[in-house]
Amino acid sequence: MSSPSSTDRRPLRVALLGCGVVGSQVARMLTEHAADLAARAGAPLELVGVAVRDVTVPREGVDPALLTTDAGPLVDAADIVVEVMGGDEPARGLMLRAIAGGAAVVTANKALLASDGPALYAAADEAGVDIYFEAAVAGAIPIVRPVRESLAGDHVRKVLGIVNGTTNYVLDQMSTTGLGLDEAVAQAQQLGYAEADPTADVGGHDAAAKAAILASLAFHTRVTLDDVACEGITSITADDVAWAAKTGHVVKLLAIAERTPDGVSARVHPALVPADHPLAGVRGAFNAVFVEAEAAGDLMFYGQGAGGAPTASAVLGDVVSAARHRVLGGKGPEESTYAALPVVPASSAITRYQVRLLVVDRPGVLAQVAHLLADQGVSIEAVRQAPSDRPAGVDEPSGLAHLIITTHTATEAALAGTVEAVAALDPVREITSVLRVEGA
């Protein structure tokens with residue numbers, strides 16, 4: 001006796017929470033690709049309602065009859081709940097309500113997962129339902145599933161990623177056109193790459209939430225948003241970008257999660273990436289995640305990191321996975337925290353620095369700086385000196401010069417102390433830039 005086809009099975013009811021840029025594309029694709037999705041899932045997927053704040057706002061391609069402001073009953077009637085509304089509440093309460101009612105949950109809410117994910121995972125485990133979140137990190141790029149499942153038999157050493165398309169576009173424009181930060185951000189806003197308030201992006205907070213999720217998955221340890229040291233790109237200048245090119249680097253905002261001798265470190269900050277590293281070539285609003293694993297070696301995942309259709313693609317991949325489990329039985333992976341490694345401060349991370357100084361241009365200055373670094377236990381990998389176009393002060397007979405020093409690896413704490421000591425040297429007029437070097 002043959003098993004029933006997908007079209008013979010009871011439709012699985014899908015409730016959609018949110019109908020913005022991503023949600024509207026999820027609704028469209030559920031409708032337009034209904035036959036293919038049913039064949040892949042093993043049953044038809046029926047969009048039974050869309051929760052929104054205002055039903056009077058027209059939404060292209062979405063049946064107005066599906067819109068409602070009353071999300072509770074919609075969640076209660078669903079087999080799968082897709083949350084793309086963002087924010088903390090009511091998203092958190094609605095997801096917990098869905099889980100308690102036996103519905104699978106698919107979410108793109110990286111901030112909520114990074115701050116309160118364990119409560120959601122625990123609730124889903126207790127209820128025996130799925131919670132999927134591929135779209136929460138790097139949009140369309142499949143990175144959550146590879147790290148959580150494909151590399152489950154390996155040991156991940158480090159995850160290094162460009163996970164925010166807005167900042168990557170801004171830095172790319174600064175590099176290729178010479179724009180300043182404010183001008184590049186304004187351009188990103190005009191093109192729809194940046195929000196009217198770009199703080200979450202340029203401040204690094206969006207990337208930090210994703211870093212927490214990736215660190216938790218890669219190292220089987222709970223890492224929250226509060227554990228991630230966060231530094232955005234607000235202090236990056238056109239000069240920083242120009243000097244990076246002169247020394248063979250590109251400035252990128254990186255999310256970094258790595259296994260250290262003492263535990264797990266997670267941080268977000270702008271960094272110099274060597275021009276020949278794969279991440280250096282990631283242009284525009286694209287994202288890329290570079291994974292270093294013990295057995296698999298170096299892996300890179302690249303693609304659209306944001307946008308309605310790309311992110312909806314990741315959402316629907318999770319919907320199909322959850323639907324298959326509803327049809328065939330079984331459940332997706334649970335939270336893995338068996339390693340329970342300590343989360344160590346970013347100051348213990350091993351890194352390299354490039355320090356740009358404005359110094360008095362006279363003999364012996366480089367030797368003085370080098371001697372101080374040696375006393376601090378920090379060795380110099382490379383040094384470059386160039387005349388400054390800044391005129392000397394009235395009481396300063398000598399000219400000024402740029403001194404660009406790239407260090408060998410040391411702890412961030414040691415390097416930070418060294419920079420502070422260098423700033424106090426008599427011939428040093430200004431420390432114009434301090435950037436980490438990653439990926440070398």
# chains A, B, ... in the order shown; residues from 1 in each chain; ligands from 1
$ select_by_dssp --residues "stretch 26-113 of chain A" --states "helix (DSSP H, G or I)" --output "PyMOL selection string"
chain A and resi 26-32+34-41+64-66+71-76+91-100+110-113
$ residues_around --residues "A:Val55" --least-positions-apart "2" --cutoff "12 Å" --atoms "only C-alpha atoms" --output "NGL selection string"
:A and (18-19 or 49-53 or 57-59 or 62-70)
$ residues_around --residues "stretch 221-235 of chain A" --least-positions-apart "5" --cutoff "8 Å" --atoms "only C-alpha atoms" --output "ChimeraX atom specification"
/A:111,114-116,118,167,181,201-205,208-209,211-213,215-216,253,265-270,336-341,343,345-346
$ closest_residue --among "A:Leu30, A:Ala423, A:Ala255, A:Ala41" --to "A:Leu372" --atoms "only C-alpha atoms"
A:Ala423
$ residues_around --residues "A:Arg145" --least-positions-apart "2" --cutoff "12 Å" --atoms "only C-alpha atoms" --output "mmCIF file with N, CA, C and O atoms, in the first residue's frame"
data_model
loop_
_atom_site.group_PDB
_atom_site.id
_atom_site.type_symbol
_atom_site.label_atom_id
_atom_site.label_comp_id
_atom_site.auth_asym_id
_atom_site.auth_seq_id
_atom_site.Cartn_x
_atom_site.Cartn_y
_atom_site.Cartn_z
ATOM 1 N N TYR A 132 13.805 26.755 15.207
ATOM 2 C CA TYR A 132 14.831 26.948 14.180
ATOM 3 C C TYR A 132 15.102 28.432 14.016
ATOM 4 O O TYR A 132 14.196 29.270 14.165
ATOM 5 N N PHE A 133 16.352 28.787 13.660
ATOM 6 C CA PHE A 133 16.705 30.206 13.587
ATOM 7 C C PHE A 133 17.822 30.474 12.587
ATOM 8 O O PHE A 133 18.683 31.329 12.822
ATOM 9 N N GLU A 134 17.825 29.781 11.460
ATOM 10 C CA GLU A 134 18.851 30.006 10.447
ATOM 11 C C GLU A 134 18.927 31.461 10.010
ATOM 12 O O GLU A 134 20.007 32.016 9.782
ATOM 13 N N ALA A 135 17.777 32.107 9.889
ATOM 14 C CA ALA A 135 17.743 33.482 9.372
ATOM 15 C C ALA A 135 18.236 34.509 10.384
ATOM 16 O O ALA A 135 18.377 35.686 10.043
ATOM 17 N N ALA A 136 18.506 34.084 11.623
ATOM 18 C CA ALA A 136 18.954 35.037 12.633
ATOM 19 C C ALA A 136 20.401 35.472 12.432
ATOM 20 O O ALA A 136 20.835 36.479 12.991
ATOM 21 N N VAL A 137 21.166 34.718 11.663
ATOM 22 C CA VAL A 137 22.579 35.028 11.451
ATOM 23 C C VAL A 137 22.880 35.042 9.957
ATOM 24 O O VAL A 137 22.700 34.031 9.273
ATOM 25 N N ALA A 140 20.610 34.984 4.167
ATOM 26 C CA ALA A 140 20.418 33.790 3.340
ATOM 27 C C ALA A 140 21.538 32.773 3.482
ATOM 28 O O ALA A 140 21.406 31.635 3.053
ATOM 29 N N ILE A 141 22.666 33.177 4.088
ATOM 30 C CA ILE A 141 23.815 32.276 4.157
ATOM 31 C C ILE A 141 23.515 31.128 5.113
ATOM 32 O O ILE A 141 23.193 31.361 6.284
ATOM 33 N N PRO A 142 23.619 29.894 4.659
ATOM 34 C CA PRO A 142 23.433 28.770 5.586
ATOM 35 C C PRO A 142 24.669 28.608 6.461
ATOM 36 O O PRO A 142 25.689 28.082 6.028
ATOM 37 N N ILE A 143 24.594 29.112 7.689
ATOM 38 C CA ILE A 143 25.728 29.011 8.614
ATOM 39 C C ILE A 143 25.327 28.362 9.922
ATOM 40 O O ILE A 143 26.117 27.628 10.525
ATOM 41 N N VAL A 147 27.257 24.857 11.229
ATOM 42 C CA VAL A 147 28.002 24.870 12.489
ATOM 43 C C VAL A 147 27.367 23.924 13.502
ATOM 44 O O VAL A 147 28.060 23.191 14.217
ATOM 45 N N ARG A 148 26.039 23.921 13.562
ATOM 46 C CA ARG A 148 25.345 23.119 14.573
ATOM 47 C C ARG A 148 25.297 21.643 14.222
ATOM 48 O O ARG A 148 25.357 20.791 15.113
ATOM 49 N N GLU A 149 25.205 21.315 12.917
ATOM 50 C CA GLU A 149 25.000 19.931 12.520
ATOM 51 C C GLU A 149 26.151 19.364 11.681
ATOM 52 O O GLU A 149 26.715 18.328 12.010
ATOM 53 N N SER A 150 26.499 20.048 10.607
ATOM 54 C CA SER A 150 27.524 19.501 9.708
ATOM 55 C C SER A 150 28.883 19.379 10.383
ATOM 56 O O SER A 150 29.652 18.467 10.066
ATOM 57 N N LEU A 151 29.193 20.283 11.308
ATOM 58 C CA LEU A 151 30.476 20.247 12.004
ATOM 59 C C LEU A 151 30.360 19.651 13.407
ATOM 60 O O LEU A 151 31.265 19.805 14.232
ATOM 61 N N ALA A 152 29.264 18.947 13.676
ATOM 62 C CA ALA A 152 29.053 18.372 15.006
ATOM 63 C C ALA A 152 30.103 17.317 15.342
ATOM 64 O O ALA A 152 30.356 17.042 16.518
ATOM 65 N N ILE A 213 25.359 34.025 19.176
ATOM 66 C CA ILE A 213 24.714 32.815 18.661
ATOM 67 C C ILE A 213 25.742 31.866 18.071
ATOM 68 O O ILE A 213 25.747 30.655 18.355
ATOM 69 N N LEU A 214 26.647 32.394 17.249
ATOM 70 C CA LEU A 214 27.668 31.550 16.620
ATOM 71 C C LEU A 214 28.606 30.930 17.651
ATOM 72 O O LEU A 214 28.973 29.756 17.545
ATOM 73 N N LEU A 217 26.868 28.017 19.411
ATOM 74 C CA LEU A 217 26.771 26.827 18.561
ATOM 75 C C LEU A 217 28.129 26.165 18.354
ATOM 76 O O LEU A 217 28.256 24.943 18.424
ATOM 77 N N ALA A 218 29.149 26.974 18.087
ATOM 78 C CA ALA A 218 30.458 26.436 17.728
ATOM 79 C C ALA A 218 31.141 25.733 18.891
ATOM 80 O O ALA A 218 31.846 24.732 18.697
ATOM 81 N N PHE A 301 31.645 30.714 4.135
ATOM 82 C CA PHE A 301 30.259 30.791 3.692
ATOM 83 C C PHE A 301 29.988 32.234 3.299
ATOM 84 O O PHE A 301 30.203 33.154 4.090
ATOM 85 N N ALA A 314 16.002 31.703 3.921
ATOM 86 C CA ALA A 314 16.460 30.979 5.106
ATOM 87 C C ALA A 314 15.288 30.612 6.010
ATOM 88 O O ALA A 314 15.244 29.513 6.579
ATOM 89 N N GLY A 317 13.456 27.636 4.533
ATOM 90 C CA GLY A 317 14.207 26.405 4.715
ATOM 91 C C GLY A 317 13.928 25.802 6.075
ATOM 92 O O GLY A 317 13.754 24.577 6.217
ATOM 93 N N ASP A 318 13.854 26.654 7.104
ATOM 94 C CA ASP A 318 13.528 26.180 8.444
ATOM 95 C C ASP A 318 12.084 25.703 8.540
ATOM 96 O O ASP A 318 11.787 24.720 9.229
ATOM 97 N N SER A 321 11.911 22.229 7.194
ATOM 98 C CA SER A 321 12.479 21.271 8.145
ATOM 99 C C SER A 321 11.500 20.976 9.276
ATOM 100 O O SER A 321 11.290 19.809 9.650
ATOM 101 N N GLY A 332 14.223 18.352 15.514
ATOM 102 C CA GLY A 332 15.513 18.929 15.188
ATOM 103 C C GLY A 332 16.441 18.939 16.388
ATOM 104 O O GLY A 332 16.069 18.538 17.493
ATOM 105 N N PRO A 333 17.679 19.406 16.204
ATOM 106 C CA PRO A 333 18.662 19.394 17.290
ATOM 107 C C PRO A 333 18.260 20.303 18.440
ATOM 108 O O PRO A 333 17.653 21.354 18.245
#
$ residues_around --residues "A:Ala38" --least-positions-apart "3" --cutoff "9 Å" --atoms "only C-alpha atoms" --output "ChimeraX atom specification"
/A:6-7,11,33-35,41-45,320
$ write_last_selection --atoms "all heavy atoms" --output "PDB file, in the first residue's frame"
ATOM      1  N   SER A   6       1.908  14.226  -0.661  1.00  0.00           N
ATOM      2  CA  SER A   6       1.887  15.445   0.145  1.00  0.00           C
ATOM      3  C   SER A   6       0.556  16.170   0.043  1.00  0.00           C
ATOM      4  O   SER A   6       0.079  16.761   1.010  1.00  0.00           O
ATOM      5  CB  SER A   6       3.027  16.368  -0.284  1.00  0.00           C
ATOM      6  OG  SER A   6       2.884  16.731  -1.648  1.00  0.00           O
ATOM      7  N   THR A   7      -0.068  16.100  -1.115  1.00  0.00           N
ATOM      8  CA  THR A   7      -1.333  16.826  -1.290  1.00  0.00           C
ATOM      9  C   THR A   7      -2.498  16.131  -0.610  1.00  0.00           C
ATOM     10  O   THR A   7      -3.555  16.734  -0.416  1.00  0.00           O
ATOM     11  CB  THR A   7      -1.639  16.991  -2.789  1.00  0.00           C
ATOM     12  OG1 THR A   7      -1.618  15.696  -3.410  1.00  0.00           O
ATOM     13  CG2 THR A   7      -0.598  17.875  -3.457  1.00  0.00           C
ATOM     14  N   PRO A  11      -3.257  19.897   5.606  1.00  0.00           N
ATOM     15  CA  PRO A  11      -2.344  21.036   5.514  1.00  0.00           C
ATOM     16  C   PRO A  11      -1.810  21.421   6.888  1.00  0.00           C
ATOM     17  O   PRO A  11      -2.528  21.346   7.895  1.00  0.00           O
ATOM     18  CB  PRO A  11      -3.218  22.153   4.933  1.00  0.00           C
ATOM     19  CG  PRO A  11      -4.339  21.444   4.235  1.00  0.00           C
ATOM     20  CD  PRO A  11      -4.588  20.209   5.043  1.00  0.00           C
ATOM     21  N   HIS A  33       5.141  29.497  -4.154  1.00  0.00           N
ATOM     22  CA  HIS A  33       5.865  28.236  -4.242  1.00  0.00           C
ATOM     23  C   HIS A  33       5.143  27.111  -3.499  1.00  0.00           C
ATOM     24  O   HIS A  33       5.766  26.141  -3.056  1.00  0.00           O
ATOM     25  CB  HIS A  33       7.280  28.388  -3.673  1.00  0.00           C
ATOM     26  CG  HIS A  33       8.086  29.456  -4.332  1.00  0.00           C
ATOM     27  ND1 HIS A  33       9.239  29.977  -3.779  1.00  0.00           N
ATOM     28  CD2 HIS A  33       7.916  30.121  -5.508  1.00  0.00           C
ATOM     29  CE1 HIS A  33       9.733  30.907  -4.578  1.00  0.00           C
ATOM     30  NE2 HIS A  33       8.939  31.008  -5.636  1.00  0.00           N
ATOM     31  N   ALA A  34       3.838  27.249  -3.365  1.00  0.00           N
ATOM     32  CA  ALA A  34       3.063  26.319  -2.538  1.00  0.00           C
ATOM     33  C   ALA A  34       3.248  24.861  -2.954  1.00  0.00           C
ATOM     34  O   ALA A  34       3.444  23.980  -2.110  1.00  0.00           O
ATOM     35  CB  ALA A  34       1.581  26.702  -2.581  1.00  0.00           C
ATOM     36  N   ALA A  35       3.202  24.584  -4.250  1.00  0.00           N
ATOM     37  CA  ALA A  35       3.295  23.196  -4.715  1.00  0.00           C
ATOM     38  C   ALA A  35       4.669  22.595  -4.411  1.00  0.00           C
ATOM     39  O   ALA A  35       4.779  21.462  -3.906  1.00  0.00           O
ATOM     40  CB  ALA A  35       3.010  23.121  -6.209  1.00  0.00           C
ATOM     41  N   ALA A  41       8.048  19.411   1.928  1.00  0.00           N
ATOM     42  CA  ALA A  41       7.686  19.265   3.339  1.00  0.00           C
ATOM     43  C   ALA A  41       6.936  17.980   3.623  1.00  0.00           C
ATOM     44  O   ALA A  41       6.945  17.483   4.745  1.00  0.00           O
ATOM     45  CB  ALA A  41       6.847  20.460   3.784  1.00  0.00           C
ATOM     46  N   GLY A  42       6.250  17.451   2.617  1.00  0.00           N
ATOM     47  CA  GLY A  42       5.441  16.246   2.815  1.00  0.00           C
ATOM     48  C   GLY A  42       3.996  16.541   3.107  1.00  0.00           C
ATOM     49  O   GLY A  42       3.195  15.619   3.331  1.00  0.00           O
ATOM     50  N   ALA A  43       3.624  17.822   3.115  1.00  0.00           N
ATOM     51  CA  ALA A  43       2.236  18.231   3.336  1.00  0.00           C
ATOM     52  C   ALA A  43       2.098  19.673   2.880  1.00  0.00           C
ATOM     53  O   ALA A  43       3.077  20.427   2.870  1.00  0.00           O
ATOM     54  CB  ALA A  43       1.856  18.112   4.811  1.00  0.00           C
ATOM     55  N   PRO A  44       0.875  20.064   2.492  1.00  0.00           N
ATOM     56  CA  PRO A  44       0.685  21.468   2.119  1.00  0.00           C
ATOM     57  C   PRO A  44       0.946  22.392   3.301  1.00  0.00           C
ATOM     58  O   PRO A  44       0.685  22.037   4.456  1.00  0.00           O
ATOM     59  CB  PRO A  44      -0.799  21.519   1.706  1.00  0.00           C
ATOM     60  CG  PRO A  44      -1.169  20.112   1.390  1.00  0.00           C
ATOM     61  CD  PRO A  44      -0.350  19.262   2.305  1.00  0.00           C
ATOM     62  N   LEU A  45       1.499  23.576   3.015  1.00  0.00           N
ATOM     63  CA  LEU A  45       1.728  24.604   4.031  1.00  0.00           C
ATOM     64  C   LEU A  45       0.714  25.714   3.800  1.00  0.00           C
ATOM     65  O   LEU A  45       0.752  26.391   2.768  1.00  0.00           O
ATOM     66  CB  LEU A  45       3.145  25.147   3.945  1.00  0.00           C
ATOM     67  CG  LEU A  45       4.271  24.118   4.111  1.00  0.00           C
ATOM     68  CD1 LEU A  45       5.637  24.771   3.918  1.00  0.00           C
ATOM     69  CD2 LEU A  45       4.196  23.463   5.480  1.00  0.00           C
ATOM     70  N   VAL A 320      10.323  24.325   6.180  1.00  0.00           N
ATOM     71  CA  VAL A 320      10.260  22.997   5.565  1.00  0.00           C
ATOM     72  C   VAL A 320      10.809  21.930   6.513  1.00  0.00           C
ATOM     73  O   VAL A 320      10.234  20.853   6.659  1.00  0.00           O
ATOM     74  CB  VAL A 320      11.008  22.980   4.218  1.00  0.00           C
ATOM     75  CG1 VAL A 320      11.187  21.552   3.701  1.00  0.00           C
ATOM     76  CG2 VAL A 320      10.249  23.817   3.186  1.00  0.00           C
TER      77      VAL A 320
END
$ residues_around --residues "A:Val14" --least-positions-apart "2" --cutoff "12 Å" --atoms "only C-alpha atoms" --output "ChimeraX atom specification"
/A:11-12,16-17,26-27,30-31,43-51,66,74-83,98,103-106,316,319-320,322-323
$ write_last_selection --atoms "N, CA and C atoms" --output "CSV table (one decimal), in the first residue's frame"
chain,number,residue,atom,x,y,z
A,11,PRO,N,-3.3,19.9,5.6
A,11,PRO,CA,-2.3,21.0,5.5
A,11,PRO,C,-1.8,21.4,6.9
A,12,LEU,N,-0.6,21.8,6.9
A,12,LEU,CA,0.0,22.3,8.1
A,12,LEU,C,-0.2,23.8,8.2
A,16,LEU,N,2.1,33.7,10.7
A,16,LEU,CA,3.2,34.6,10.4
A,16,LEU,C,3.1,35.8,11.3
A,17,LEU,N,4.1,36.1,12.2
A,17,LEU,CA,4.1,37.2,13.1
A,17,LEU,C,5.1,38.3,12.5
A,26,VAL,N,8.2,36.3,3.0
A,26,VAL,CA,7.8,34.9,3.4
A,26,VAL,C,6.4,34.6,3.0
A,27,ALA,N,5.4,35.5,3.1
A,27,ALA,CA,4.1,35.3,2.7
A,27,ALA,C,4.0,35.1,1.2
A,30,LEU,N,5.4,31.6,0.3
A,30,LEU,CA,4.6,30.5,0.7
A,30,LEU,C,3.4,30.3,-0.3
A,31,THR,N,3.0,31.4,-0.8
A,31,THR,CA,1.9,31.3,-1.8
A,31,THR,C,2.3,30.9,-3.2
A,43,ALA,N,3.6,17.8,3.1
A,43,ALA,CA,2.2,18.2,3.3
A,43,ALA,C,2.1,19.7,2.9
A,44,PRO,N,0.9,20.1,2.5
A,44,PRO,CA,0.7,21.5,2.1
A,44,PRO,C,0.9,22.4,3.3
A,45,LEU,N,1.5,23.6,3.0
A,45,LEU,CA,1.7,24.6,4.0
A,45,LEU,C,0.7,25.7,3.8
A,46,GLU,N,-0.2,25.9,4.7
A,46,GLU,CA,-1.3,26.9,4.6
A,46,GLU,C,-1.0,28.1,5.5
A,47,LEU,N,-0.9,29.2,4.9
A,47,LEU,CA,-0.7,30.5,5.6
A,47,LEU,C,-2.1,30.8,6.2
A,48,VAL,N,-2.3,30.7,7.5
A,48,VAL,CA,-3.6,30.9,8.0
A,48,VAL,C,-3.8,32.3,8.6
A,49,GLY,N,-2.8,33.1,8.7
A,49,GLY,CA,-2.9,34.5,9.2
A,49,GLY,C,-1.6,35.2,9.4
A,50,VAL,N,-1.7,36.5,9.4
A,50,VAL,CA,-0.5,37.3,9.5
A,50,VAL,C,-0.7,38.4,10.6
A,51,ALA,N,0.0,38.4,11.6
A,51,ALA,CA,-0.2,39.4,12.7
A,51,ALA,C,0.6,40.6,12.4
A,66,LEU,N,-6.0,38.0,5.4
A,66,LEU,CA,-5.1,37.2,6.4
A,66,LEU,C,-4.6,38.1,7.5
A,74,LEU,N,-4.2,33.5,16.7
A,74,LEU,CA,-3.5,33.0,15.5
A,74,LEU,C,-2.5,32.0,15.9
A,75,VAL,N,-1.7,32.3,16.9
A,75,VAL,CA,-0.6,31.4,17.4
A,75,VAL,C,-1.2,30.1,17.9
A,76,ASP,N,-2.3,30.2,18.6
A,76,ASP,CA,-3.0,29.0,19.2
A,76,ASP,C,-3.4,28.0,18.1
A,77,ALA,N,-3.8,28.5,16.9
A,77,ALA,CA,-4.3,27.7,15.9
A,77,ALA,C,-3.3,27.1,14.9
A,78,ALA,N,-2.0,27.4,15.2
A,78,ALA,CA,-1.0,27.1,14.2
A,78,ALA,C,-0.2,25.8,14.5
A,79,ASP,N,0.3,25.2,13.5
A,79,ASP,CA,1.3,24.1,13.7
A,79,ASP,C,2.7,24.6,13.6
A,80,ILE,N,2.9,25.7,12.9
A,80,ILE,CA,4.3,26.3,12.8
A,80,ILE,C,4.1,27.8,12.9
A,81,VAL,N,4.8,28.4,13.8
A,81,VAL,CA,4.7,29.9,13.9
A,81,VAL,C,6.1,30.5,13.5
A,82,VAL,N,6.0,31.4,12.5
A,82,VAL,CA,7.1,32.1,12.0
A,82,VAL,C,7.2,33.5,12.6
A,83,GLU,N,8.2,33.8,13.4
A,83,GLU,CA,8.3,35.1,14.0
A,83,GLU,C,9.4,36.0,13.3
A,98,ALA,N,3.3,29.8,21.6
A,98,ALA,CA,3.3,28.8,20.5
A,98,ALA,C,3.9,27.5,20.9
A,103,ALA,N,3.3,24.1,19.0
A,103,ALA,CA,3.7,24.5,17.6
A,103,ALA,C,5.2,24.6,17.5
A,104,ALA,N,5.7,24.3,16.3
A,104,ALA,CA,7.2,24.6,16.1
A,104,ALA,C,7.3,26.1,15.8
A,105,VAL,N,8.5,26.6,16.1
A,105,VAL,CA,8.8,28.0,16.0
A,105,VAL,C,10.0,28.2,15.0
A,106,VAL,N,9.8,29.1,14.1
A,106,VAL,CA,10.9,29.6,13.3
A,106,VAL,C,11.1,31.1,13.5
A,316,LEU,N,12.2,30.0,5.1
A,316,LEU,CA,11.4,28.9,4.6
A,316,LEU,C,12.1,27.6,4.6
A,319,VAL,N,11.2,26.4,7.9
A,319,VAL,CA,9.8,26.0,7.9
A,319,VAL,C,9.6,24.6,7.3
A,320,VAL,N,10.3,24.3,6.2
A,320,VAL,CA,10.3,23.0,5.6
A,320,VAL,C,10.8,21.9,6.5
A,322,ALA,N,10.9,22.0,9.8
A,322,ALA,CA,9.9,21.8,10.9
A,322,ALA,C,8.7,21.1,10.4
A,323,ALA,N,8.3,21.4,9.2
A,323,ALA,CA,7.1,20.7,8.6
A,323,ALA,C,7.4,19.2,8.4
$ atom_distance --atom1 "atom CA of A:His408" --atom2 "atom CA of A:Asp426"
24.2 Å
$ select_by_dssp --residues "stretch 339-439 of chain A" --states "strand (DSSP E)" --output "VMD selection string"
chain A and resid 350 to 360 380 to 387 400 to 407 410 to 411 428 to 437
